[in-house]
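Inspection log for the structure reproduced underneath, given as structure tokens.
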Amino acid sequence: MRNILKSTLILFSAIATTGSAYAQEYLPYGNPPKVEAYGRDLQYAWGGGFNNPHPNIADVNGDDINDLVIFDRSSRYGTVRVFINESAIVGNPKYVYNGSYEKNFPPNLFEYVKLEDYNRDGVKDLFHFGNDGISIYKGYYKGSGSQKALAFQYYRELRYNSKFSGSVNVYVGRGDLPSIVDVDKDGDLDFVAYDFDGRFISYYKNCQVENGLPKDSIRVCYADQCWGRSQQEYERTLKLGLKNCLKDQVTCAKSTGAEKVTHSGNTVCLLDYDGDGDLDMLNGNISFSDIQFLKNGKSDYGLAADSFITQDTVWGSNGKDLYMPVMPAAFWIDINNDGNNDLVFSPMMLGTENYKCFVYYKNLGTNAVPNYSYQTDTFFVGDMIDAGQSSVPTVYDYNKDGKLDLFVFSQGYYQASTGKLRARILYYENTSTGSVNSFKLVNDDFLGYWANNTVGGKLAFGDLNGDGLDDLLIGQNDGKIAFYKNTATSANVAPVYNTSSVLLNDQTSTLDVGDFATPTIYDIDGDGKNDIVSGNQIGNIVYYKNTGGTPVPQLMKITDSLGGIHISEEGGNIQTTYTTPFIGKTDNTGKPYLLIGSTTGIIFRYDGIGTGITGYKRLDSMYCKINVKDKAAPVVADIDGDGRMEMLVGNGGGGILLYKQYFNTEIQNVLGGNSNISVYPNPANSSVTITWENGYAANGLQISLVSVTGQTVITKQVNAGAENTQLDVSGLAQGMYYCIVKGAAGQSVAPVSIVK
């Protein structure tokens with residue numbers, strides 16, 4: 001026991017010596033503030049937003065209830081969002097966003113994600129683009145009890161032996177969406193996708209059953225080069241009934257001179273639409289805003305091969321045609337957990353629709369006799385804070401009630417009529433009362449910014465002209481910064497900003513940071529006047545010194561590389577890194593840091609604020625291991641008023657992800673409290689018993705087991721009057737943990753060592 005405690009004290013000492021290491025562990029906010037908009041609560045408010053969502057059904061937490069996993073393709077590496085279903089009621093799921101499960105998914109997922117059980121072990125496996133066309137990760141569960149979670153281990157890339165070229169990858173075009181389904185009804189999963197030319201559909205048969213191989217294997221046979229006996233060219237209408245399609249034939253049909261010239265840009269969804277046993281298809285294409293339906297006549301006419309016999313070039317149901325501005329993708333899944341598959345659609349093409357991007361047709365019938373009824377085109381998205389594309393949050397007490405409000409700006413919402421983005425500013429008032437934290441959308445077009453008909457940037461509030469009133473800066477996409485003077489009667493009332501603005505000048509010309517201005521206001525040189533620090537498109541941090549002036553401040557460019565900082569992706573593959581800085585407190589110590597979000601989705605942390613303009617030290621190259629995958633935009637503040645910080649991170653998906661600092665900086669603050677508990681055995685292997693002094697649990701207790709990084713791994717409520725309780729730790733990894741017991745009499749903490 002002495003050795004364990006000695007090791008614990010050494011660990012505590014090491015953490016405390018680093019000063020900030022322990023505090024800089026932000027975790028997903030477990031019970032975030034409620035958000036109201038348009039008269040209703042946003043169920044998934046802090047889910048991060050979507051642009052190109054791909055839905056999947058899987059039991060993520062191992063409770064035998066299907067959860068929802070949504071892959072958003074809207075970045076270089078796609079983002080996974082996990083929504084746990086907390087309801088076992090058939091047809092009435094209660095999805096709750098839970099970011100803690102996302103770390104168990106592979107880090108770099110390309111193009112698409114499909115969760116299917118290829119080895120029939122009851123656990124979903126993961127398919128994505130990988131290095132070639134289809135890459136597989138085997139699914140398994142780790143942990144147990146409340147810590148059970150779906151995780152993945154790399155298996156292989158899918159390849160097959162070609163008599164012409166040897167080992168060849170199963171081809172899926174970059175930007176295409178394949179279908180992974182049991183085509184021949186033999187029990188194993190097959191693979192279907194358009195070929196390189198985007199004209200014919202390739203059928204890659206899984207020969208695992210035919211070859212008598214174990215279920216935990218895949219043997220790919222290239223079975224058909226024009227599955228469905230169809231040919232796609234420019235027109236919505238596909239050519240049907242091709243007769244000269246033969247297995248292993250090099251080409252399926254002669255050139256007509258009107259072939260597609262865009263190789264990528266096809267989505268395939270195979271489904272038994274009419275319940276007759278063969279697979280029909282919903283066909284999306286980069287050239288069209290609607291989706292085509294093709295009926296398979298194999299069962300109807302007893303055909304030897306799957307063959308499309310009729311088509312609907314503009315699919316719809318119950319009077320509502322499916323519309324997506326560019327390249328719709330279809331997904332046939334049981335999204336409402338009633339045992340029958342529904343249809344949902346999203347844009348496969350990047351940079352297109354980013355709000356009306358999740359169309360839901362509920363199946364009011366059955367899989368055998370479906371009846372798809374349109375529900376909404378903002379499924380999930382409409383229940384989130386979502387500002388379209390590339391959101392940037394700002395917090396500021398606008399109405400002067402002592403609570404920080406939330407402003408969300410962005411690059412904007414996609415406009416189908418122009419193909420361009422158009423931004424507006426969302427203003428959420430902090431409506432928290434007592435211990436209930438909440439926000440309410442009170443203005444979805446703050447300052448009437450929509451009328452500018454332009455893309456957005458970043459907001460910054462602060463007094464720049466020295467009159468004691470907080471002015472407003474709006475960074476613009478062209479690199480310029482607009483100044484909105486506060487003309488309110490005092491600093492104790494809500495600011496008044498004129499609708500007209502002034503572009504700031506750096507004493508020689510119009511202030512221009514070089515595209516994508518992301519200003520923040522901070523007194524860098526400590527002279528009592530607030531300065532401007534801004535990121536830009538190419539990865540610099542630009543510093544403008546405030547030299548005074550009223551009603552408009554005078555500014556002087558000091559450096560375009562504050563602290564010697566230049567952010568670039570490892571390897572230098574991306575020249576546009578879109579730096580978004582935040583300067584301020586990030587924990588309870590009051591020490592300011594510089595955080596920089598980038599287009600790669602990670603956040604960098606630097607020390608050196610207040611020491612000059614050179615020699616800043618990078619402390620973290622992935623702050624708190626947070627990676628939102630695309631255009632991270634961080635801001636840190638205590639928005640819930642509990643004395644510990646929250647970090648709000650904007651991202652390419654247009655939403656906000658919320659993280660919390662659960663413990664104060666110094667480790668003694670975590671270990672503080674009474675010594676009223678005992679934990680044994682310690683070290684422990686499978687379970688621990690916790691006891692306490694008589695009367696300590698008179699009003700009940702809350703018990704948590706927390707890792708050294710601050711992650712809560714077990715929580716339990718103990719009824720009033722109990723004398724002890726047990727925790728199952730068999731599913732935890734070996735290491736040091738802290739048992740935190742909270743009750744009316746205070747808080748007690750004891751170290752616990754888990755050994756395996």
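By convention in this document, the chains of the structure tokens carry letters A, B, ... by their order, each chain's residues are numbered from 1, and ligands are numbered from 1 in the order they are shown.
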
Selection near Asn318 (chain A), 12 Å with only C-alpha atoms, sequence-local residues under 5 positions removed, as a ChimeraX atom specification: /A:361-364,370-375

With only C-alpha atoms as the counted atoms, please give the residues lying no more than 6 Å from region 477-483 of chain A, apart from itself and same-chain residues fewer than 5 positions off, as a JSON list (two decimals) with all heavy atoms, in the first residue's frame.
```
[["chain", "number", "residue", "atom", "x", "y", "z"],
["A", 457, "GLY", "N", -17.26, 35.43, -41.33],
["A", 457, "GLY", "CA", -15.90, 35.29, -40.81],
["A", 457, "GLY", "C", -15.93, 35.08, -39.31],
["A", 457, "GLY", "O", -16.42, 34.08, -38.84],
["A", 501, "SER", "N", -20.69, 50.11, -41.27],
["A", 501, "SER", "CA", -19.42, 49.86, -40.60],
["A", 501, "SER", "C", -18.30, 50.59, -41.32],
["A", 501, "SER", "O", -18.46, 51.09, -42.42],
["A", 501, "SER", "CB", -19.13, 48.36, -40.57],
["A", 501, "SER", "OG", -18.98, 47.88, -41.89],
["A", 502, "VAL", "N", -17.15, 50.62, -40.65],
["A", 502, "VAL", "CA", -15.96, 51.25, -41.22],
["A", 502, "VAL", "C", -14.87, 50.19, -41.34],
["A", 502, "VAL", "O", -14.59, 49.48, -40.37],
["A", 502, "VAL", "CB", -15.47, 52.41, -40.32],
["A", 502, "VAL", "CG1", -14.18, 53.00, -40.87],
["A", 502, "VAL", "CG2", -16.54, 53.47, -40.18],
["A", 503, "LEU", "N", -14.26, 50.07, -42.50],
["A", 503, "LEU", "CA", -13.12, 49.17, -42.64],
["A", 503, "LEU", "C", -11.92, 49.80, -41.97],
["A", 503, "LEU", "O", -11.59, 50.97, -42.22],
["A", 503, "LEU", "CB", -12.83, 48.89, -44.11],
["A", 503, "LEU", "CG", -13.87, 48.05, -44.85],
["A", 503, "LEU", "CD1", -13.49, 47.90, -46.32],
["A", 503, "LEU", "CD2", -14.01, 46.68, -44.21],
["A", 511, "LEU", "N", -6.73, 48.01, -43.73],
["A", 511, "LEU", "CA", -6.21, 46.85, -43.02],
["A", 511, "LEU", "C", -6.64, 45.58, -43.73],
["A", 511, "LEU", "O", -7.83, 45.37, -43.98],
["A", 511, "LEU", "CB", -6.72, 46.90, -41.58],
["A", 511, "LEU", "CG", -6.18, 45.90, -40.56],
["A", 511, "LEU", "CD1", -6.31, 46.50, -39.16],
["A", 511, "LEU", "CD2", -6.97, 44.60, -40.61],
["A", 512, "ASP", "N", -5.67, 44.74, -44.05],
["A", 512, "ASP", "CA", -5.95, 43.51, -44.79],
["A", 512, "ASP", "C", -4.98, 42.43, -44.29],
["A", 512, "ASP", "O", -3.77, 42.54, -44.48],
["A", 512, "ASP", "CB", -5.77, 43.74, -46.29],
["A", 512, "ASP", "CG", -6.22, 42.55, -47.14],
["A", 512, "ASP", "OD1", -6.33, 41.44, -46.59],
["A", 512, "ASP", "OD2", -6.45, 42.74, -48.35],
["A", 513, "VAL", "N", -5.53, 41.37, -43.67],
["A", 513, "VAL", "CA", -4.67, 40.33, -43.11],
["A", 513, "VAL", "C", -4.32, 39.26, -44.14],
["A", 513, "VAL", "O", -3.55, 38.35, -43.84],
["A", 513, "VAL", "CB", -5.31, 39.67, -41.87],
["A", 513, "VAL", "CG1", -5.67, 40.72, -40.83],
["A", 513, "VAL", "CG2", -6.52, 38.84, -42.24],
["A", 514, "GLY", "N", -4.93, 39.33, -45.34],
["A", 514, "GLY", "CA", -4.59, 38.37, -46.37],
["A", 514, "GLY", "C", -5.58, 37.24, -46.51],
["A", 514, "GLY", "O", -5.18, 36.07, -46.57],
["A", 515, "ASP", "N", -6.88, 37.55, -46.55],
["A", 515, "ASP", "CA", -7.98, 36.60, -46.70],
["A", 515, "ASP", "C", -8.26, 35.85, -45.41],
["A", 515, "ASP", "O", -7.36, 35.42, -44.69],
["A", 515, "ASP", "CB", -7.72, 35.59, -47.82],
["A", 515, "ASP", "CG", -7.81, 36.23, -49.20],
["A", 515, "ASP", "OD1", -8.33, 37.35, -49.29],
["A", 515, "ASP", "OD2", -7.36, 35.61, -50.18],
["A", 516, "PHE", "N", -9.55, 35.69, -45.15],
["A", 516, "PHE", "CA", -10.08, 34.96, -44.00],
["A", 516, "PHE", "C", -9.61, 35.59, -42.69],
["A", 516, "PHE", "O", -8.88, 34.99, -41.91],
["A", 516, "PHE", "CB", -9.68, 33.48, -44.07],
["A", 516, "PHE", "CG", -10.48, 32.61, -43.12],
["A", 516, "PHE", "CD1", -11.81, 32.33, -43.37],
["A", 516, "PHE", "CD2", -9.91, 32.06, -41.99],
["A", 516, "PHE", "CE1", -12.56, 31.53, -42.50],
["A", 516, "PHE", "CE2", -10.64, 31.27, -41.12],
["A", 516, "PHE", "CZ", -11.96, 31.00, -41.38],
["A", 517, "ALA", "N", -10.07, 36.82, -42.46],
["A", 517, "ALA", "CA", -9.72, 37.52, -41.23],
["A", 517, "ALA", "C", -10.50, 36.96, -40.05],
["A", 517, "ALA", "O", -11.73, 36.85, -40.10],
["A", 517, "ALA", "CB", -10.01, 39.01, -41.38]]
```

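Nearest to Tyr414 (chain A) of all the residues A:Gln554, A:Ser568, A:Asn51, A:Asn452 is A:Asn51, counting only C-alpha atoms.
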
d(CA of Tyr44 (chain A), CA of Phe380 (chain A)) in Å: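 Straight-line distance from CA of Tyr44 (chain A) to CA of Phe380 (chain A) works out to 7.1 Å.
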
d(CA of Ile335 (chain A), CA of Phe83 (chain A)) in Å: 11.5 Å

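Proximity to Thr725 (chain A) at 8 Å, evaluated using only C-alpha atoms and with sequence-adjacent residues fewer than 3 positions away removed, yields A:Thr689, A:Ile690, A:Thr691, A:Val718, A:Ala722.
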
Output N, CA and C atoms for every residue in the selection just made, as a PDB file, in the first residue's frame.
```
ATOM      1  N   THR A 689     -14.669  -2.284  -3.086  1.00  0.00           N
ATOM      2  CA  THR A 689     -15.697  -1.947  -2.110  1.00  0.00           C
ATOM      3  C   THR A 689     -15.348  -0.607  -1.487  1.00  0.00           C
ATOM      4  N   ILE A 690     -16.328   0.264  -1.372  1.00  0.00           N
ATOM      5  CA  ILE A 690     -16.119   1.598  -0.805  1.00  0.00           C
ATOM      6  C   ILE A 690     -16.975   1.704   0.451  1.00  0.00           C
ATOM      7  N   THR A 691     -16.344   2.069   1.554  1.00  0.00           N
ATOM      8  CA  THR A 691     -17.069   2.260   2.818  1.00  0.00           C
ATOM      9  C   THR A 691     -16.830   3.681   3.310  1.00  0.00           C
ATOM     10  N   VAL A 718     -25.727   6.402  -4.716  1.00  0.00           N
ATOM     11  CA  VAL A 718     -25.932   5.556  -3.540  1.00  0.00           C
ATOM     12  C   VAL A 718     -27.088   6.120  -2.721  1.00  0.00           C
ATOM     13  N   ALA A 722     -27.071   4.135   3.167  1.00  0.00           N
ATOM     14  CA  ALA A 722     -26.235   2.978   2.836  1.00  0.00           C
ATOM     15  C   ALA A 722     -24.901   3.070   3.575  1.00  0.00           C
TER      16      ALA A 722
END
```

Between CA of Tyr194 (chain A) and CA of Pro53 (chain A), distance in Å (one decimal):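 Computing the Euclidean distance for CA of Tyr194 (chain A) and CA of Pro53 (chain A) yields 20.9 Å.
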
Selection near region 98-113 of chain A, 6 Å with only C-alpha atoms, sequence-local residues under 2 positions removed, as number ranges by chain: A: 73, 77-78, 82-83, 127-129, 151

A:Ser287, A:Asn530, A:Asn505, A:Thr489 ranked by distance to Val552 (chain A), top pick (using only C-alpha atoms): A:Asn505

Region 344-356 of chain A environment, 7 Å, only C-alpha atoms, sequence neighbours closer than 6 positions dropped, as a CSV table (one decimal) with C-alpha atoms, in the first residue's frame:
```
chain,number,residue,atom,x,y,z
A,50,PHE,CA,-23.5,18.3,-40.5
A,51,ASN,CA,-22.9,19.0,-44.2
A,52,ASN,CA,-22.6,15.5,-45.8
A,53,PRO,CA,-24.1,13.1,-43.2
A,74,SER,CA,-17.5,17.4,-45.0
A,324,MET,CA,-30.6,17.7,-53.3
A,325,PRO,CA,-28.8,20.4,-55.2
A,326,VAL,CA,-25.9,18.2,-56.2
A,327,MET,CA,-25.3,14.4,-56.1
A,328,PRO,CA,-27.8,12.9,-53.7
A,329,ALA,CA,-26.9,9.8,-51.8
A,330,ALA,CA,-29.5,7.3,-50.5
A,331,PHE,CA,-29.4,5.2,-47.3
A,332,TRP,CA,-31.9,2.5,-46.5
A,377,ASP,CA,-35.0,18.0,-45.0
A,378,THR,CA,-33.2,19.1,-41.9
A,381,VAL,CA,-29.5,19.3,-38.4
A,388,GLY,CA,-24.1,26.1,-42.4
A,389,GLN,CA,-20.4,25.8,-43.1
A,413,TYR,CA,-25.5,28.6,-45.8
A,414,TYR,CA,-25.5,27.1,-49.2
```

Polymer residues at most 9 Å from Val408 (chain A), only C-alpha atoms, same-chain spacing of 3 or more positions, as number ranges by chain: A: 385-387, 391-395, 424-428, 458-459, 650, 655-656

Neighbour list for Asp186 (chain A) as a list in words, cut-off 10 Å, only C-alpha atoms, skip fewer than 6 positions in-chain: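 In the requested form, the answer reads Asn206, Cys207, Gln208, Val209 and Glu210 of chain A.
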
Residues of region 296-341 of chain A in strand (DSSP E or B), written as a count of residues only: 17

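Proximity ranking of A:Ser432, A:Ser417, A:Thr579, A:Gln43 relative to Asp642 (chain A) places A:Ser432 first, based on only C-alpha atoms.
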
Nearest to Gly608 (chain A), chosen from A:Ile524, A:Gln747, A:Pro634, A:Thr487, with only C-alpha atoms counted in the distances: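 Of A:Ile524, A:Gln747, A:Pro634, A:Thr487, the one nearest Gly608 (chain A) is A:Ile524, counting only C-alpha atoms.
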
Residues of region 103-351 of chain A in helix (DSSP H, G or I), written as JSON, numbers by chain: {"A": [103, 104, 145, 146, 147, 298, 299, 300, 301]}

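Residue nearest Arg644 (chain A), chosen from A:Asp383, A:Lys94, A:Tyr29, A:Leu322 and counting only C-alpha atoms: A:Tyr29.
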
Option closest in space to Gly130 (chain A), from A:Val170, A:Val533, A:Ile218, A:Leu115 [counting only C-alpha atoms]: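 Once distances to Gly130 (chain A) are computed over only C-alpha atoms, the minimum belongs to A:Val170.
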